[in-house]
file upload_19.txt (compact mmCIF, C-alpha atoms)
# COMPACT_ATOMS: atom_id res chain seq x y z
CA MET A 1 -81.48 81.70 106.45
CA THR A 2 -77.79 82.01 105.53
CA ALA A 3 -76.83 81.97 101.87
CA ALA A 4 -73.79 79.76 102.50
CA SER A 5 -75.65 76.54 103.41
CA PRO A 6 -73.90 73.49 101.89
CA PRO A 7 -75.66 71.70 98.99
CA ALA A 8 -78.00 68.96 100.20
CA ALA A 9 -76.28 65.57 100.26
CA PRO A 10 -77.94 62.98 97.97
CA PRO A 11 -80.21 60.61 99.90
CA PRO A 12 -78.41 57.39 100.91
CA ALA A 13 -78.88 54.52 98.44
CA THR A 14 -81.30 51.83 99.58
CA PRO A 15 -81.59 48.34 98.04
CA ARG A 16 -84.84 49.49 96.45
CA SER A 17 -83.41 52.66 94.93
CA GLU A 18 -80.36 50.76 93.65
CA PHE A 19 -82.51 48.03 92.08
CA LEU A 20 -84.70 50.61 90.33
CA ALA A 21 -81.68 52.62 89.15
CA GLY A 22 -80.19 49.43 87.65
CA ALA A 23 -83.46 48.67 85.87
CA ARG A 24 -83.77 52.25 84.58
CA ASP A 25 -80.18 52.42 83.31
CA GLN A 26 -80.73 49.22 81.33
CA LEU A 27 -83.64 50.71 79.35
CA PRO A 28 -81.55 52.37 76.58
CA LEU A 29 -79.75 49.08 75.97
CA LEU A 30 -83.08 47.34 75.45
CA LEU A 31 -83.35 49.18 72.13
CA GLY A 32 -80.62 46.86 70.91
CA VAL A 33 -81.71 43.75 72.82
CA VAL A 34 -85.44 43.56 72.06
CA PRO A 35 -85.03 43.41 68.24
CA PHE A 36 -82.49 40.59 68.67
CA GLY A 37 -84.93 38.70 70.88
CA LEU A 38 -87.64 39.10 68.25
CA ILE A 39 -85.32 37.90 65.49
CA PHE A 40 -84.12 35.01 67.64
CA GLY A 41 -87.66 33.77 68.35
CA ALA A 42 -88.67 34.03 64.70
CA LEU A 43 -85.52 32.30 63.40
CA ALA A 44 -85.68 29.50 65.96
CA VAL A 45 -89.17 28.66 64.69
CA ALA A 46 -87.96 28.95 61.08
CA ALA A 47 -85.16 26.47 61.91
CA GLY A 48 -87.79 23.92 62.97
CA ILE A 49 -87.31 24.26 66.75
CA PRO A 50 -90.60 23.85 68.70
CA ALA A 51 -91.83 26.94 70.60
CA LEU A 52 -91.16 25.48 74.06
CA GLU A 53 -87.54 24.62 73.27
CA ALA A 54 -86.98 27.97 71.54
CA GLN A 55 -88.14 29.76 74.70
CA GLY A 56 -86.11 27.28 76.78
CA LEU A 57 -82.90 28.45 75.07
CA SER A 58 -83.65 32.04 76.12
CA VAL A 59 -84.70 31.10 79.66
CA PHE A 60 -81.75 28.84 80.46
CA VAL A 61 -78.83 29.67 78.17
CA PHE A 62 -79.61 33.41 78.17
CA ALA A 63 -76.73 34.43 75.89
CA GLY A 64 -77.79 35.99 72.58
CA SER A 65 -75.09 35.18 70.05
CA SER A 66 -74.59 31.61 71.32
CA GLN A 67 -78.34 31.03 71.01
CA PHE A 68 -78.22 32.15 67.37
CA VAL A 69 -75.24 29.87 66.78
CA ALA A 70 -77.13 26.99 68.42
CA ILE A 71 -80.17 27.27 66.15
CA GLY A 72 -77.89 27.48 63.12
CA LEU A 73 -76.19 24.25 64.16
CA VAL A 74 -79.48 22.52 65.02
CA ALA A 75 -80.75 23.38 61.53
CA ALA A 76 -77.54 21.87 60.08
CA GLU A 77 -78.14 18.57 61.96
CA THR A 78 -75.03 18.97 64.15
CA PRO A 79 -74.65 16.41 67.00
CA ALA A 80 -75.99 17.78 70.32
CA LEU A 81 -72.71 17.51 72.25
CA LEU A 82 -70.82 19.45 69.60
CA ILE A 83 -73.45 22.21 69.79
CA VAL A 84 -72.95 22.35 73.58
CA ALA A 85 -69.18 22.62 73.05
CA THR A 86 -69.70 25.43 70.54
CA ILE A 87 -72.01 27.31 72.94
CA LEU A 88 -69.26 27.02 75.55
CA VAL A 89 -66.64 28.40 73.16
CA VAL A 90 -68.85 31.29 72.04
CA ASN A 91 -69.51 32.27 75.67
CA LEU A 92 -65.93 31.90 76.89
CA ARG A 93 -65.58 35.69 76.63
CA HIS A 94 -67.87 35.98 79.66
CA MET A 95 -64.86 34.80 81.64
CA LEU A 96 -63.46 38.30 81.16
CA TYR A 97 -66.60 39.80 82.69
CA SER A 98 -66.48 37.30 85.53
CA ALA A 99 -62.85 38.23 86.24
CA ALA A 100 -63.64 41.95 86.09
CA LEU A 101 -66.61 41.85 88.47
CA GLY A 102 -65.33 38.99 90.66
CA PRO A 103 -63.34 41.23 93.05
CA HIS A 104 -66.41 43.44 93.65
CA VAL A 105 -68.71 40.58 94.68
CA GLN A 106 -66.17 38.49 96.62
CA ALA A 107 -67.71 39.46 99.98
CA LEU A 108 -71.24 38.38 98.98
CA SER A 109 -72.74 35.01 99.90
CA LEU A 110 -73.22 32.25 97.33
CA ARG A 111 -76.94 33.07 97.47
CA TRP A 112 -76.05 36.34 95.72
CA LYS A 113 -73.21 35.11 93.56
CA ILE A 114 -75.28 32.45 91.80
CA PRO A 115 -78.07 34.72 90.49
CA LEU A 116 -75.60 37.50 89.64
CA ALA A 117 -73.44 35.08 87.64
CA TRP A 118 -76.56 33.76 85.90
CA LEU A 119 -77.44 37.30 84.81
CA LEU A 120 -73.93 38.22 83.63
CA THR A 121 -74.52 39.11 79.96
CA ASP A 122 -72.69 41.68 77.81
CA GLU A 123 -75.32 44.30 78.61
CA ALA A 124 -75.54 43.60 82.36
CA PHE A 125 -71.74 43.70 82.53
CA ALA A 126 -71.69 47.05 80.75
CA MET A 127 -73.99 48.69 83.31
CA ALA A 128 -72.77 46.87 86.44
CA SER A 129 -69.09 47.64 85.75
CA LEU A 130 -69.97 51.33 85.36
CA ARG A 131 -71.79 51.24 88.70
CA TYR A 132 -68.79 49.68 90.44
CA GLN A 133 -66.61 52.56 89.26
CA LYS A 134 -68.69 54.95 91.39
CA GLU A 135 -68.54 55.66 95.11
CA ASP A 136 -70.43 53.81 97.84
CA ARG A 137 -70.45 50.25 96.55
CA ARG A 138 -72.11 48.70 99.61
CA THR A 139 -75.50 48.31 97.91
CA ALA A 140 -74.21 48.07 94.31
CA HIS A 141 -75.15 44.38 94.03
CA TRP A 142 -78.81 45.45 94.12
CA TYR A 143 -78.07 47.63 91.10
CA PHE A 144 -76.44 44.61 89.35
CA LEU A 145 -79.53 42.51 90.16
CA GLY A 146 -81.95 45.19 88.90
CA THR A 147 -80.10 45.71 85.64
CA GLY A 148 -79.67 41.96 85.05
CA LEU A 149 -83.29 41.04 85.79
CA THR A 150 -84.59 43.83 83.54
CA LEU A 151 -82.54 42.44 80.69
CA TRP A 152 -83.59 38.86 81.41
CA ALA A 153 -87.31 39.73 81.45
CA SER A 154 -87.01 41.73 78.21
CA TRP A 155 -85.14 38.88 76.52
CA GLN A 156 -87.91 36.42 77.50
CA LEU A 157 -90.76 38.64 76.32
CA SER A 158 -89.08 39.56 73.03
CA THR A 159 -88.24 35.90 72.34
CA LEU A 160 -91.88 34.97 72.97
CA ALA A 161 -93.08 37.73 70.63
CA GLY A 162 -90.62 36.50 67.99
CA ILE A 163 -91.85 32.91 68.31
CA VAL A 164 -95.47 34.03 67.82
CA LEU A 165 -94.46 36.20 64.87
CA GLY A 166 -92.18 33.58 63.30
CA ALA A 167 -94.94 30.97 63.25
CA ARG A 168 -96.90 33.29 60.92
CA ILE A 169 -94.15 33.88 58.35
CA PRO A 170 -94.51 31.68 55.21
CA GLU A 171 -91.68 29.24 54.57
CA ASN A 172 -90.99 30.35 51.00
CA TRP A 173 -89.72 33.70 52.27
CA SER A 174 -86.31 32.00 52.89
CA LEU A 175 -86.28 33.46 56.42
CA ASP A 176 -83.45 31.05 57.32
CA PHE A 177 -81.11 33.37 55.39
CA ALA A 178 -81.74 36.07 58.01
CA LEU A 179 -79.57 34.02 60.40
CA PRO A 180 -76.25 34.38 58.50
CA LEU A 181 -77.24 38.01 57.87
CA THR A 182 -77.67 38.55 61.61
CA PHE A 183 -74.25 36.97 62.17
CA LEU A 184 -72.74 39.30 59.58
CA ALA A 185 -74.25 42.28 61.39
CA ILE A 186 -72.68 41.07 64.66
CA LEU A 187 -69.34 40.08 63.08
CA VAL A 188 -68.44 43.09 60.94
CA PRO A 189 -68.26 45.68 63.78
CA GLN A 190 -65.93 43.32 65.68
CA LEU A 191 -63.30 43.43 62.92
CA LYS A 192 -61.45 46.34 64.48
CA ASP A 193 -57.79 45.45 63.91
CA ARG A 194 -55.53 43.07 62.01
CA PRO A 195 -55.60 40.17 64.52
CA SER A 196 -59.42 40.11 64.57
CA VAL A 197 -59.63 40.29 60.75
CA LEU A 198 -57.05 37.52 60.40
CA SER A 199 -58.87 35.33 62.96
CA ALA A 200 -62.10 35.71 61.01
CA LEU A 201 -60.49 35.05 57.61
CA VAL A 202 -58.55 31.96 58.71
CA ALA A 203 -61.50 30.52 60.66
CA GLY A 204 -63.87 31.12 57.74
CA GLY A 205 -61.45 29.69 55.17
CA LEU A 206 -60.68 26.59 57.26
CA SER A 207 -64.36 26.06 57.94
CA VAL A 208 -65.09 25.93 54.19
CA ALA A 209 -62.04 23.75 53.49
CA LEU A 210 -62.89 21.29 56.27
CA ILE A 211 -66.61 21.10 55.54
CA ALA A 212 -66.42 17.37 54.77
CA MET A 213 -65.00 16.44 58.18
CA PRO A 214 -67.32 14.11 60.15
CA LEU A 215 -69.53 15.41 62.99
CA LYS A 216 -68.85 19.00 61.91
CA LEU A 217 -65.52 18.74 63.71
CA GLY A 218 -64.14 21.01 61.00
CA LEU A 219 -65.98 23.88 62.71
CA MET A 220 -64.06 23.46 65.98
CA ALA A 221 -60.76 23.03 64.12
CA ALA A 222 -61.52 26.18 62.12
CA ILE A 223 -62.30 28.23 65.26
CA LEU A 224 -59.11 27.06 67.01
CA GLY A 225 -57.03 27.70 63.88
CA GLY A 226 -58.48 31.21 63.50
CA VAL A 227 -57.95 32.21 67.13
CA ALA A 228 -54.41 30.75 67.17
CA THR A 229 -53.40 32.61 63.98
CA GLY A 230 -54.88 35.91 65.19
CA ALA A 231 -53.23 35.53 68.61
CA GLY A 232 -49.93 34.69 66.90
CA LEU A 233 -50.08 37.87 64.82
CA GLU A 234 -50.89 39.91 67.93
CA THR A 235 -47.95 38.46 69.86
CA LEU A 236 -45.64 39.13 66.91
CA THR A 237 -46.83 42.74 66.62
CA ARG A 238 -46.32 43.30 70.35
CA ARG A 239 -42.85 41.80 70.26
CA ARG A 240 -41.85 43.99 67.31
CA ALA A 241 -43.17 47.09 69.07
CA ALA A 242 -41.26 46.19 72.24
CA GLU A 243 -38.05 45.63 70.26
CA ARG A 244 -38.43 48.95 68.51
CA GLU A 245 -38.87 50.66 71.86
CA SER A 246 -35.84 49.01 73.43
CA ARG A 247 -33.68 50.08 70.48
CA GLN A 248 -34.58 53.74 70.93
CA MET B 1 -83.12 16.67 65.92
CA THR B 2 -85.33 14.90 68.48
CA ARG B 3 -86.77 16.84 71.41
CA PRO B 4 -84.67 15.04 74.08
CA GLU B 5 -81.58 15.96 72.04
CA LEU B 6 -82.78 19.58 71.91
CA TRP B 7 -83.12 19.62 75.70
CA LEU B 8 -79.60 18.20 75.96
CA VAL B 9 -78.44 21.20 73.91
CA ILE B 10 -80.46 23.64 76.07
CA LEU B 11 -79.46 22.31 79.50
CA GLY B 12 -75.89 21.46 78.50
CA GLY B 13 -75.46 24.89 76.91
CA ALA B 14 -76.99 26.55 79.97
CA LEU B 15 -74.69 24.72 82.37
CA ALA B 16 -71.59 25.49 80.28
CA THR B 17 -72.50 29.18 80.03
CA PHE B 18 -73.28 29.43 83.74
CA ALA B 19 -69.98 27.76 84.68
CA VAL B 20 -68.06 30.31 82.58
CA ARG B 21 -69.92 33.22 84.18
CA LEU B 22 -69.51 31.84 87.69
CA SER B 23 -65.81 31.03 87.17
CA PHE B 24 -64.10 34.10 88.59
CA ILE B 25 -67.09 35.18 90.68
CA ALA B 26 -67.17 32.10 92.90
CA LEU B 27 -64.78 29.37 91.75
CA ILE B 28 -61.34 30.83 90.93
CA PRO B 29 -59.59 33.92 92.43
CA PRO B 30 -59.94 36.69 89.79
CA ASP B 31 -56.19 37.41 89.58
CA ARG B 32 -55.55 33.97 88.07
CA LEU B 33 -56.47 34.93 84.48
CA PRO B 34 -53.25 35.23 82.44
CA ASP B 35 -52.92 38.12 80.00
CA SER B 36 -52.42 35.81 77.01
CA VAL B 37 -55.79 34.14 77.67
CA ARG B 38 -57.39 37.56 78.07
CA ARG B 39 -56.12 38.55 74.61
CA GLY B 40 -57.05 35.25 72.97
CA LEU B 41 -60.64 35.39 74.23
CA ARG B 42 -61.23 38.64 72.37
CA LEU B 43 -60.59 36.85 69.07
CA VAL B 44 -63.05 34.00 69.68
CA PRO B 45 -66.32 35.69 68.58
CA PRO B 46 -65.03 36.85 65.17
CA ALA B 47 -63.56 33.39 64.51
CA VAL B 48 -66.76 31.54 65.49
CA LEU B 49 -69.08 33.81 63.54
CA SER B 50 -66.96 33.72 60.40
CA ALA B 51 -66.56 29.92 60.61
CA ILE B 52 -70.35 29.60 60.66
CA ILE B 53 -71.21 32.24 58.05
CA LEU B 54 -68.78 31.36 55.25
CA PRO B 55 -69.78 27.71 54.64
CA GLY B 56 -73.42 28.81 54.54
CA LEU B 57 -72.67 31.39 51.86
CA LEU B 58 -70.08 29.50 49.80
CA SER B 59 -71.59 26.03 49.92
CA PRO B 60 -75.28 26.20 50.79
CA ALA B 61 -75.83 22.61 49.63
CA GLY B 62 -72.73 21.11 51.26
CA HIS B 63 -70.33 21.57 48.33
CA LEU B 64 -68.41 24.61 47.14
CA ALA B 65 -70.56 26.85 44.92
CA MET B 66 -68.54 29.95 43.99
CA SER B 67 -70.59 30.57 40.88
CA LEU B 68 -72.64 33.45 39.51
CA ASP B 69 -75.92 31.71 40.27
CA ASN B 70 -75.20 31.31 44.00
CA ASP B 71 -77.71 33.96 45.09
CA ARG B 72 -76.82 33.64 48.78
CA LEU B 73 -73.17 34.50 48.10
CA TRP B 74 -74.04 37.73 46.28
CA ALA B 75 -76.72 38.73 48.78
CA GLY B 76 -74.24 38.01 51.59
CA LEU B 77 -71.51 40.14 49.99
CA LEU B 78 -73.92 43.04 49.59
CA ALA B 79 -75.06 42.64 53.23
CA THR B 80 -71.41 42.66 54.38
CA LEU B 81 -70.94 45.99 52.63
CA VAL B 82 -74.06 47.37 54.32
CA ALA B 83 -72.96 46.07 57.74
CA TRP B 84 -69.54 47.66 57.26
CA ARG B 85 -70.85 51.06 56.14
CA THR B 86 -73.91 51.39 58.44
CA ARG B 87 -73.29 49.08 61.46
CA SER B 88 -77.06 48.57 61.46
CA THR B 89 -78.45 45.09 62.12
CA TRP B 90 -81.85 45.93 60.64
CA LEU B 91 -80.44 47.41 57.42
CA THR B 92 -78.05 44.48 57.00
CA ILE B 93 -80.88 41.96 57.30
CA ALA B 94 -83.28 44.01 55.15
CA VAL B 95 -80.83 44.57 52.29
CA GLY B 96 -79.62 40.95 52.39
CA MET B 97 -83.16 39.53 52.30
CA LEU B 98 -84.28 41.94 49.54
CA ALA B 99 -81.17 41.01 47.51
CA LEU B 100 -81.91 37.29 47.90
CA TRP B 101 -85.53 37.75 46.86
CA GLY B 102 -84.53 40.06 43.98
CA LEU B 103 -81.91 37.63 42.64
CA GLY B 104 -84.45 34.81 42.93
CA LEU B 105 -86.63 36.55 40.33
CA PHE B 106 -84.05 36.04 37.57
call {"tool": "encode", "arguments": {"input": "upload_19.txt", "output": "structure tokens"}}
result
Amino acid sequence: MTAASPPAAPPPATPRSEFLAGARDQLPLLLGVVPFGLIFGALAVAAGIPALEAQGLSVFVFAGSSQFVAIGLVAAETPALLIVATILVVNLRHMLYSAALGPHVQALSLRWKIPLAWLLTDEAFAMASLRYQKEDRRTAHWYFLGTGLTLWASWQLSTLAGIVLGARIPENWSLDFALPLTFLAILVPQLKDRPSVLSALVAGGLSVALIAMPLKLGLMAAILGGVATGAGLETLTRRRAAERESRQ
Amino acid sequence: MTRPELWLVILGGALATFAVRLSFIALIPPDRLPDSVRRGLRLVPPAVLSAIILPGLLSPAGHLAMSLDNDRLWAGLLATLVAWRTRSTWLTIAVGMLALWGLGLF
């Protein structure tokens, strides 16, 4: 035996080992996901949505914050098509994830792209994009699938548990108020800089001012107004910074 | 809302979400996303959430109620403070609900 033997190379990744690694790496994130699933199930029932449809939102839409938004709008008697439009707007940010992972999955067949796109949530994106930064990406799509399916299954089970739980909570507990509170808990950490704060303030203010608009169209107008104002401020700040730099 | 309408929301919302996620994976080359759109998208979630929360707090019955006896407004303000200081979903919900129940006693 010579002392100078090179360290053993890690065993080559197989589809199975990648899938399991993806599932395992998702586990810490479930700490944040499972409570939201529970709350979602319970609040959907509190908003008067039947159990089957509440679970249906988790199975098919599979996008946490937009599902919360949807039950809020259902409770407020918003027309169905406007709710669909709002779900679309809330989930538009997934376009960023799609653009970031797109180059890595270009070579795969549509048979892979469809399920991977279906599973592309905030949490799956977080783990999959980390995996694609590492070496040997040939089997990385199995990792993506493992991490995405783990999240999907957990979201379904926690929603179901929430539905069962929610049906047992008395109505006079005002559980419906937990929905805006959940939104607050999601919103506040996102207010990281001036453009995001301005977007939120303008959208909120417009939404209150336009509350009498028919078909809840005021909501869409408020969202557009908020995003446009925030984006305007950001552009202005960038331009100022660029001018300052060019003067130096 | 009737059940067929609910299923319209579910399947329509699912299709819309799936189309967004599939966009740059299978439909459009990924280098086609302009920087301005990239920056604007970041601001959408805060705008949507705020546009939904504020009317619920300020006008729970459909008209502006910025008065001392609007329990939801005060409970919401307290919850905002908790969310800001702790970043904890559970604490935000717990404090907000306890505040609403507590104010309801008076």
call {"tool": "closest_atom_pairs", "arguments": {"input": "upload_19.txt", "of": "chain B", "to": "chain A", "cutoff": "6 Å", "atoms": "only C-alpha atoms", "output": "JSON lines"}}
result
{"residue": "B:Val9", "atom": "CA", "partner": "A:Ala80", "partner_atom": "CA", "distance": 5.5}
{"residue": "B:Ile10", "atom": "CA", "partner": "A:Leu57", "partner_atom": "CA", "distance": 5.5}
{"residue": "B:Gly12", "atom": "CA", "partner": "A:Val84", "partner_atom": "CA", "distance": 5.8}
{"residue": "B:Gly13", "atom": "CA", "partner": "A:Val84", "partner_atom": "CA", "distance": 4.9}
{"residue": "B:Ala14", "atom": "CA", "partner": "A:Val61", "partner_atom": "CA", "distance": 4.0}
{"residue": "B:Ala16", "atom": "CA", "partner": "A:Leu88", "partner_atom": "CA", "distance": 5.5}
{"residue": "B:Thr17", "atom": "CA", "partner": "A:Leu88", "partner_atom": "CA", "distance": 5.9}
{"residue": "B:Phe18", "atom": "CA", "partner": "A:Trp118", "partner_atom": "CA", "distance": 5.8}
{"residue": "B:Val20", "atom": "CA", "partner": "A:Met95", "partner_atom": "CA", "distance": 5.6}
{"residue": "B:Arg21", "atom": "CA", "partner": "A:Ala117", "partner_atom": "CA", "distance": 5.3}
{"residue": "B:Leu22", "atom": "CA", "partner": "A:Ala117", "partner_atom": "CA", "distance": 5.1}
{"residue": "B:Phe24", "atom": "CA", "partner": "A:Ala99", "partner_atom": "CA", "distance": 4.9}
{"residue": "B:Ile25", "atom": "CA", "partner": "A:Gly102", "partner_atom": "CA", "distance": 4.2}
{"residue": "B:Pro30", "atom": "CA", "partner": "A:Ala99", "partner_atom": "CA", "distance": 4.8}
{"residue": "B:Gly40", "atom": "CA", "partner": "A:Ala231", "partner_atom": "CA", "distance": 5.8}
{"residue": "B:Leu41", "atom": "CA", "partner": "A:Arg93", "partner_atom": "CA", "distance": 5.5}
{"residue": "B:Leu43", "atom": "CA", "partner": "A:Ser196", "partner_atom": "CA", "distance": 5.7}
{"residue": "B:Val44", "atom": "CA", "partner": "A:Val227", "partner_atom": "CA", "distance": 6.0}
{"residue": "B:Pro46", "atom": "CA", "partner": "A:Ala200", "partner_atom": "CA", "distance": 5.2}
{"residue": "B:Ala47", "atom": "CA", "partner": "A:Ala200", "partner_atom": "CA", "distance": 4.4}
{"residue": "B:Val48", "atom": "CA", "partner": "A:Ile223", "partner_atom": "CA", "distance": 5.6}
{"residue": "B:Ser50", "atom": "CA", "partner": "A:Gly204", "partner_atom": "CA", "distance": 4.8}
{"residue": "B:Ala51", "atom": "CA", "partner": "A:Gly204", "partner_atom": "CA", "distance": 4.1}
{"residue": "B:Ile53", "atom": "CA", "partner": "A:Pro180", "partner_atom": "CA", "distance": 5.5}
{"residue": "B:Leu54", "atom": "CA", "partner": "A:Gly204", "partner_atom": "CA", "distance": 5.5}
{"residue": "B:Pro55", "atom": "CA", "partner": "A:Val208", "partner_atom": "CA", "distance": 5.0}
{"residue": "B:Ala83", "atom": "CA", "partner": "A:Ala185", "partner_atom": "CA", "distance": 5.4}
{"residue": "B:Trp84", "atom": "CA", "partner": "A:Val188", "partner_atom": "CA", "distance": 6.0}
{"residue": "B:Thr89", "atom": "CA", "partner": "A:Ala185", "partner_atom": "CA", "distance": 5.1}
{"residue": "B:Ile93", "atom": "CA", "partner": "A:Leu181", "partner_atom": "CA", "distance": 5.4}
call {"tool": "closest_residue", "arguments": {"input": "upload_19.txt", "among": "A:Trp112, A:Ala13, A:Ser158, A:Glu245", "to": "A:Val34", "atoms": "only C-alpha atoms"}}
result
A:Ser158
call {"tool": "residues_around", "arguments": {"input": "upload_19.txt", "residues": "stretch 68-73 of chain B", "least_positions_apart": "6", "cutoff": "7 Å", "atoms": "all atoms listed in the file", "output": "PyMOL selection string"}}
result
chain B and resi 57-58+100+103
call {"tool": "atom_distance", "arguments": {"input": "upload_19.txt", "atom1": "atom CA of B:Thr2", "atom2": "atom CA of A:Ala51"}}
result
13.8 Å
call {"tool": "atom_distance", "arguments": {"input": "upload_19.txt", "atom1": "atom CA of A:Pro12", "atom2": "atom CA of A:Thr147"}}
result
19.3 Å
call {"tool": "residues_around", "arguments": {"input": "upload_19.txt", "residues": "stretch 136-146 of chain A", "least_positions_apart": "4", "cutoff": "6 Å", "atoms": "all atoms listed in the file", "output": "PDB file with C-alpha atoms, in the frame of the given file"}}
result
ATOM      1  CA  PRO A  15     -81.590  48.340  98.040  1.00  0.00           C
ATOM      2  CA  GLU A  18     -80.360  50.760  93.650  1.00  0.00           C
ATOM      3  CA  PHE A  19     -82.510  48.030  92.080  1.00  0.00           C
ATOM      4  CA  GLY A  22     -80.190  49.430  87.650  1.00  0.00           C
ATOM      5  CA  ALA A  23     -83.460  48.670  85.870  1.00  0.00           C
ATOM      6  CA  ALA A 128     -72.770  46.870  86.440  1.00  0.00           C
TER       7      ALA A 128
END
call {"tool": "atom_distance", "arguments": {"input": "upload_19.txt", "atom1": "atom CA of B:Trp90", "atom2": "atom CA of A:Pro28"}}
result
17.2 Å
call {"tool": "decode", "arguments": {"input": "upload_19.txt", "residues": "stretch 18-35 of chain B", "atoms": "N, CA and C atoms", "output": "mmCIF file, in the first residue's frame"}}
result
data_model
loop_
_atom_site.group_PDB
_atom_site.id
_atom_site.type_symbol
_atom_site.label_atom_id
_atom_site.label_comp_id
_atom_site.auth_asym_id
_atom_site.auth_seq_id
_atom_site.Cartn_x
_atom_site.Cartn_y
_atom_site.Cartn_z
ATOM 1 N N PHE B 18 -49.201 27.409 -15.876
ATOM 2 C CA PHE B 18 -48.365 26.464 -16.621
ATOM 3 C C PHE B 18 -47.744 27.137 -17.848
ATOM 4 N N ALA B 19 -48.540 27.969 -18.541
ATOM 5 C CA ALA B 19 -48.023 28.647 -19.735
ATOM 6 C C ALA B 19 -46.850 29.555 -19.369
ATOM 7 N N VAL B 20 -46.975 30.255 -18.228
ATOM 8 C CA VAL B 20 -45.882 31.136 -17.791
ATOM 9 C C VAL B 20 -44.627 30.311 -17.502
ATOM 10 N N ARG B 21 -44.808 29.173 -16.812
ATOM 11 C CA ARG B 21 -43.650 28.367 -16.434
ATOM 12 C C ARG B 21 -43.008 27.688 -17.641
ATOM 13 N N LEU B 22 -43.845 27.355 -18.631
ATOM 14 C CA LEU B 22 -43.328 26.676 -19.817
ATOM 15 C C LEU B 22 -42.667 27.666 -20.780
ATOM 16 N N SER B 23 -43.022 28.966 -20.636
ATOM 17 C CA SER B 23 -42.647 29.970 -21.641
ATOM 18 C C SER B 23 -41.222 29.826 -22.149
ATOM 19 N N PHE B 24 -40.239 30.048 -21.279
ATOM 20 C CA PHE B 24 -38.855 30.065 -21.753
ATOM 21 C C PHE B 24 -38.213 28.676 -21.691
ATOM 22 N N ILE B 25 -38.973 27.683 -21.209
ATOM 23 C CA ILE B 25 -38.440 26.322 -21.207
ATOM 24 C C ILE B 25 -38.701 25.674 -22.565
ATOM 25 N N ALA B 26 -39.888 25.942 -23.147
ATOM 26 C CA ALA B 26 -40.208 25.241 -24.388
ATOM 27 C C ALA B 26 -40.769 26.138 -25.501
ATOM 28 N N LEU B 27 -41.194 27.355 -25.184
ATOM 29 C CA LEU B 27 -41.901 28.133 -26.207
ATOM 30 C C LEU B 27 -41.052 29.245 -26.822
ATOM 31 N N ILE B 28 -40.305 29.982 -25.980
ATOM 32 C CA ILE B 28 -39.557 31.143 -26.461
ATOM 33 C C ILE B 28 -38.076 30.946 -26.123
ATOM 34 N N PRO B 29 -37.128 31.318 -27.009
ATOM 35 C CA PRO B 29 -35.711 31.217 -26.636
ATOM 36 C C PRO B 29 -35.427 32.093 -25.407
ATOM 37 N N PRO B 30 -34.706 31.565 -24.403
ATOM 38 C CA PRO B 30 -34.531 32.255 -23.129
ATOM 39 C C PRO B 30 -33.860 33.619 -23.225
ATOM 40 N N ASP B 31 -33.122 33.916 -24.304
ATOM 41 C CA ASP B 31 -32.441 35.215 -24.357
ATOM 42 C C ASP B 31 -33.359 36.340 -24.823
ATOM 43 N N ARG B 32 -34.656 36.032 -24.979
ATOM 44 C CA ARG B 32 -35.585 37.044 -25.487
ATOM 45 C C ARG B 32 -36.241 37.882 -24.385
ATOM 46 N N LEU B 33 -35.850 37.703 -23.125
ATOM 47 C CA LEU B 33 -36.506 38.439 -22.038
ATOM 48 C C LEU B 33 -35.758 39.749 -21.798
ATOM 49 N N PRO B 34 -36.371 40.900 -22.145
ATOM 50 C CA PRO B 34 -35.666 42.167 -21.979
ATOM 51 C C PRO B 34 -35.451 42.496 -20.495
ATOM 52 N N ASP B 35 -34.383 43.253 -20.231
ATOM 53 C CA ASP B 35 -34.025 43.600 -18.860
ATOM 54 C C ASP B 35 -35.119 44.392 -18.145
#
